[in-house]
Amino acid sequence: PILVGTRSLIDSELIEQALRERGLSCAVLNAKHLSQEAEIVEQAGEVGHITVATNMAGRGTDILINASVERMGGLHVLVLEPHESSRVDWQLYGRAGRHGAPGVAQPYVSMEDDLLKRHLPRFMQSWLTVLKSSGVLRGTVLPVLLWLSQTLAQWRASAVRRSMRAREAQLRKQLSFAGEI
């Protein structure tokens with residue numbers, strides 16, 4: 001069985017379409033078909049099943065595998081797009097080898113990934129063009145750039161949350177003349 005992780009609902013549907021065009025059937029966990037999620041997760045660990053999932057779907061439910069799948073190497077997790085939060089990536093990696101069962105987790109990162117484009121400083125983005133042609137990115141530089149872009153994305157998200165909490169506190173103080181809110 002294969003679990004393919006994506007960042008967005010649209011990407012999960014594009015991957016589903018690409019697999020179907022190649023004659024491969026798959027199930028999609030993207031919070032669009034909530035009534036079917038439990039059944040999809042239940043079947044995701046069976047031989048020959050391909051499941052495409054976004055980070056919002058199927059959380060908190062283990063994908064169980066049987067003895068024949070264990071002998072075949074367990075669940076194979078393919079992360080096709082890194083998430084802004086590395087925690088989400090690690091949760092997805094953790095689906096492989098759950099509870100000591102065998103499994104493989106393999107990330108795939110494109111130098112064209114939106115995460116790198118949105119969160120890396122501009123001068124580093126220009127380096128990508130130079131480094132692409134050198135072949136250095138594959139094993140050494142790309143993981144560092146991915147880590148940096150995820151760290152910056154997480155820092156920005158945290159700054160937004162802090163700002164919102166400060167604004168809420170300010171509003172509570174301004175409206176406190178009316179009594180406790």
# chains A, B, ... in the order shown; residues from 1 in each chain; ligands from 1

call {"tool": "select_by_dssp", "arguments": {"residues": "chain A", "states": "helix (DSSP H, G or I)", "output": "ChimeraX atom specification"}}
result
/A:9-21,34-43,67-71,86-93,98-100,114-119,122-134,137-174,176-178

call {"tool": "closest_residue", "arguments": {"among": "A:Gly23, A:Gly45, A:Pro82, A:Gly73", "to": "Thr6 (chain A)", "atoms": "only C-alpha atoms"}}
result
A:Pro82

call {"tool": "atom_distance", "arguments": {"atom1": "CA of Ser68 (chain A)", "atom2": "CA of Thr51 (chain A)"}}
result
18.3 Å

call {"tool": "atom_distance", "arguments": {"atom1": "CA of Pro102 (chain A)", "atom2": "CA of Glu42 (chain A)"}}
result
17.8 Å

call {"tool": "atom_distance", "arguments": {"atom1": "CA of Leu78 (chain A)", "atom2": "CA of Gly103 (chain A)"}}
result
11.1 Å

call {"tool": "closest_residue", "arguments": {"among": "A:Val160, A:Met72, A:Leu34, A:Leu116", "to": "Val144 (chain A)", "atoms": "only C-alpha atoms"}}
result
A:Leu116

call {"tool": "select_by_dssp", "arguments": {"residues": "region 5-162 of chain A", "states": "strand (DSSP E or B)", "output": "list in words"}}
result
Gly5, Thr6, Ala27, Val28, Leu29, Ile50, Thr51, Val52, Ala53, Thr54, Leu75, His76, Val77, Leu78, Val79, Gly103, Val104, Ala105, Gln106 and Pro107 of chain A

call {"tool": "closest_residue", "arguments": {"among": "A:Ser133, A:Ser176, A:Gln106, A:Ser86", "to": "Gln154 (chain A)", "atoms": "only C-alpha atoms"}}
result
A:Ser86

call {"tool": "closest_residue", "arguments": {"among": "A:Ile50, A:Ala27, A:Leu115, A:Met124", "to": "Leu75 (chain A)", "atoms": "only C-alpha atoms"}}
result
A:Ile50

call {"tool": "residues_around", "arguments": {"residues": "Trp147 (chain A)", "least_positions_apart": "4", "cutoff": "12 Å", "atoms": "only C-alpha atoms", "output": "MDAnalysis selection string"}}
result
chainID A and resid 82:87 89 109 115:116 119:120 140:143 151:154

call {"tool": "closest_residue", "arguments": {"among": "A:Arg98, A:Arg118, A:Lys173, A:His33", "to": "Gln150 (chain A)", "atoms": "only C-alpha atoms"}}
result
A:Arg118

call {"tool": "residues_around", "arguments": {"residues": "Ile65 (chain A)", "least_positions_apart": "2", "cutoff": "7 Å", "atoms": "only C-alpha atoms", "output": "short mmCIF file (atom, residue, chain, number, x, y, z; two decimals) with N, CA, C and O atoms, in the first residue's frame"}}
result
data_model
loop_
_atom_site.label_atom_id
_atom_site.label_comp_id
_atom_site.auth_asym_id
_atom_site.auth_seq_id
_atom_site.Cartn_x
_atom_site.Cartn_y
_atom_site.Cartn_z
N GLY A 45 -4.30 0.39 4.23
CA GLY A 45 -3.18 -0.48 4.52
C GLY A 45 -3.21 -1.81 3.80
O GLY A 45 -2.39 -2.69 4.06
N GLU A 46 -4.15 -1.99 2.88
CA GLU A 46 -4.27 -3.27 2.17
C GLU A 46 -3.39 -3.30 0.92
O GLU A 46 -3.10 -2.27 0.32
N ILE A 63 -3.32 3.65 10.18
CA ILE A 63 -3.53 2.81 9.01
C ILE A 63 -2.96 1.45 9.38
O ILE A 63 -1.75 1.30 9.56
N ALA A 67 -0.24 -9.06 7.97
CA ALA A 67 1.03 -9.78 7.90
C ALA A 67 1.60 -9.82 6.49
O ALA A 67 2.82 -9.71 6.30
N VAL A 69 1.28 -7.58 4.14
CA VAL A 69 1.83 -6.25 3.85
C VAL A 69 3.14 -6.06 4.62
O VAL A 69 4.09 -5.49 4.08
N GLU A 70 3.21 -6.57 5.83
CA GLU A 70 4.46 -6.49 6.61
C GLU A 70 5.59 -7.19 5.86
O GLU A 70 6.70 -6.67 5.77
#

call {"tool": "decode", "arguments": {"residues": "region 25-46 of chain A", "atoms": "N, CA, C and O atoms", "output": "compact mmCIF listing (two decimals), in the first residue's frame"}}
result
# COMPACT_ATOMS: atom_id res chain seq x y z
N SER A 25 -6.02 3.07 -9.72
CA SER A 25 -7.12 3.60 -8.92
C SER A 25 -6.58 4.00 -7.55
O SER A 25 -5.62 3.43 -7.05
N CYS A 26 -7.21 5.01 -6.97
CA CYS A 26 -6.78 5.47 -5.65
C CYS A 26 -7.98 6.04 -4.90
O CYS A 26 -9.01 6.35 -5.50
N ALA A 27 -7.81 6.14 -3.61
CA ALA A 27 -8.82 6.78 -2.76
C ALA A 27 -8.23 8.11 -2.30
O ALA A 27 -7.02 8.23 -2.14
N VAL A 28 -9.08 9.10 -2.11
CA VAL A 28 -8.62 10.43 -1.74
C VAL A 28 -9.20 10.83 -0.38
O VAL A 28 -10.41 10.80 -0.19
N LEU A 29 -8.30 11.20 0.53
CA LEU A 29 -8.68 11.73 1.84
C LEU A 29 -8.37 13.22 1.82
O LEU A 29 -7.22 13.62 1.97
N ASN A 30 -9.39 14.03 1.60
CA ASN A 30 -9.15 15.47 1.61
C ASN A 30 -10.27 16.26 2.27
O ASN A 30 -10.49 17.43 1.97
N ALA A 31 -10.99 15.60 3.17
CA ALA A 31 -12.08 16.22 3.93
C ALA A 31 -13.24 16.65 3.05
O ALA A 31 -14.09 17.41 3.46
N LYS A 32 -13.29 16.14 1.84
CA LYS A 32 -14.40 16.45 0.94
C LYS A 32 -15.51 15.42 1.06
O LYS A 32 -16.66 15.71 0.81
N HIS A 33 -15.12 14.19 1.43
CA HIS A 33 -16.08 13.09 1.55
C HIS A 33 -15.98 12.51 2.96
O HIS A 33 -15.51 11.39 3.16
N LEU A 34 -16.42 13.29 3.93
CA LEU A 34 -16.25 12.92 5.34
C LEU A 34 -16.88 11.58 5.69
O LEU A 34 -16.34 10.82 6.48
N SER A 35 -18.01 11.27 5.08
CA SER A 35 -18.71 10.03 5.43
C SER A 35 -17.92 8.80 5.00
O SER A 35 -18.11 7.72 5.54
N GLN A 36 -17.02 8.94 4.04
CA GLN A 36 -16.26 7.80 3.53
C GLN A 36 -14.86 7.68 4.13
O GLN A 36 -14.16 6.71 3.89
N GLU A 37 -14.44 8.69 4.93
CA GLU A 37 -13.06 8.71 5.43
C GLU A 37 -12.68 7.48 6.24
O GLU A 37 -11.61 6.92 6.05
N ALA A 38 -13.55 7.04 7.14
CA ALA A 38 -13.22 5.88 7.97
C ALA A 38 -12.99 4.64 7.11
O ALA A 38 -12.05 3.87 7.34
N GLU A 39 -13.82 4.44 6.10
CA GLU A 39 -13.67 3.30 5.20
C GLU A 39 -12.38 3.40 4.39
O GLU A 39 -11.68 2.40 4.19
N ILE A 40 -12.06 4.60 3.93
CA ILE A 40 -10.82 4.81 3.15
C ILE A 40 -9.60 4.49 4.00
O ILE A 40 -8.68 3.79 3.56
N VAL A 41 -9.57 4.98 5.25
CA VAL A 41 -8.44 4.72 6.14
C VAL A 41 -8.35 3.24 6.45
O VAL A 41 -7.26 2.67 6.50
N GLU A 42 -9.49 2.59 6.64
CA GLU A 42 -9.51 1.16 6.93
C GLU A 42 -8.89 0.34 5.80
O GLU A 42 -8.19 -0.64 6.04
N GLN A 43 -9.10 0.76 4.56
CA GLN A 43 -8.59 0.02 3.39
C GLN A 43 -7.19 0.48 2.97
O GLN A 43 -6.54 -0.18 2.17
N ALA A 44 -6.71 1.61 3.50
CA ALA A 44 -5.45 2.20 3.05
C ALA A 44 -4.23 1.30 3.29
O ALA A 44 -3.24 1.43 2.59
N GLY A 45 -4.30 0.39 4.23
CA GLY A 45 -3.18 -0.48 4.52
C GLY A 45 -3.21 -1.81 3.80
O GLY A 45 -2.39 -2.69 4.06
N GLU A 46 -4.15 -1.99 2.88
CA GLU A 46 -4.27 -3.27 2.17
C GLU A 46 -3.39 -3.30 0.92
O GLU A 46 -3.10 -2.27 0.32
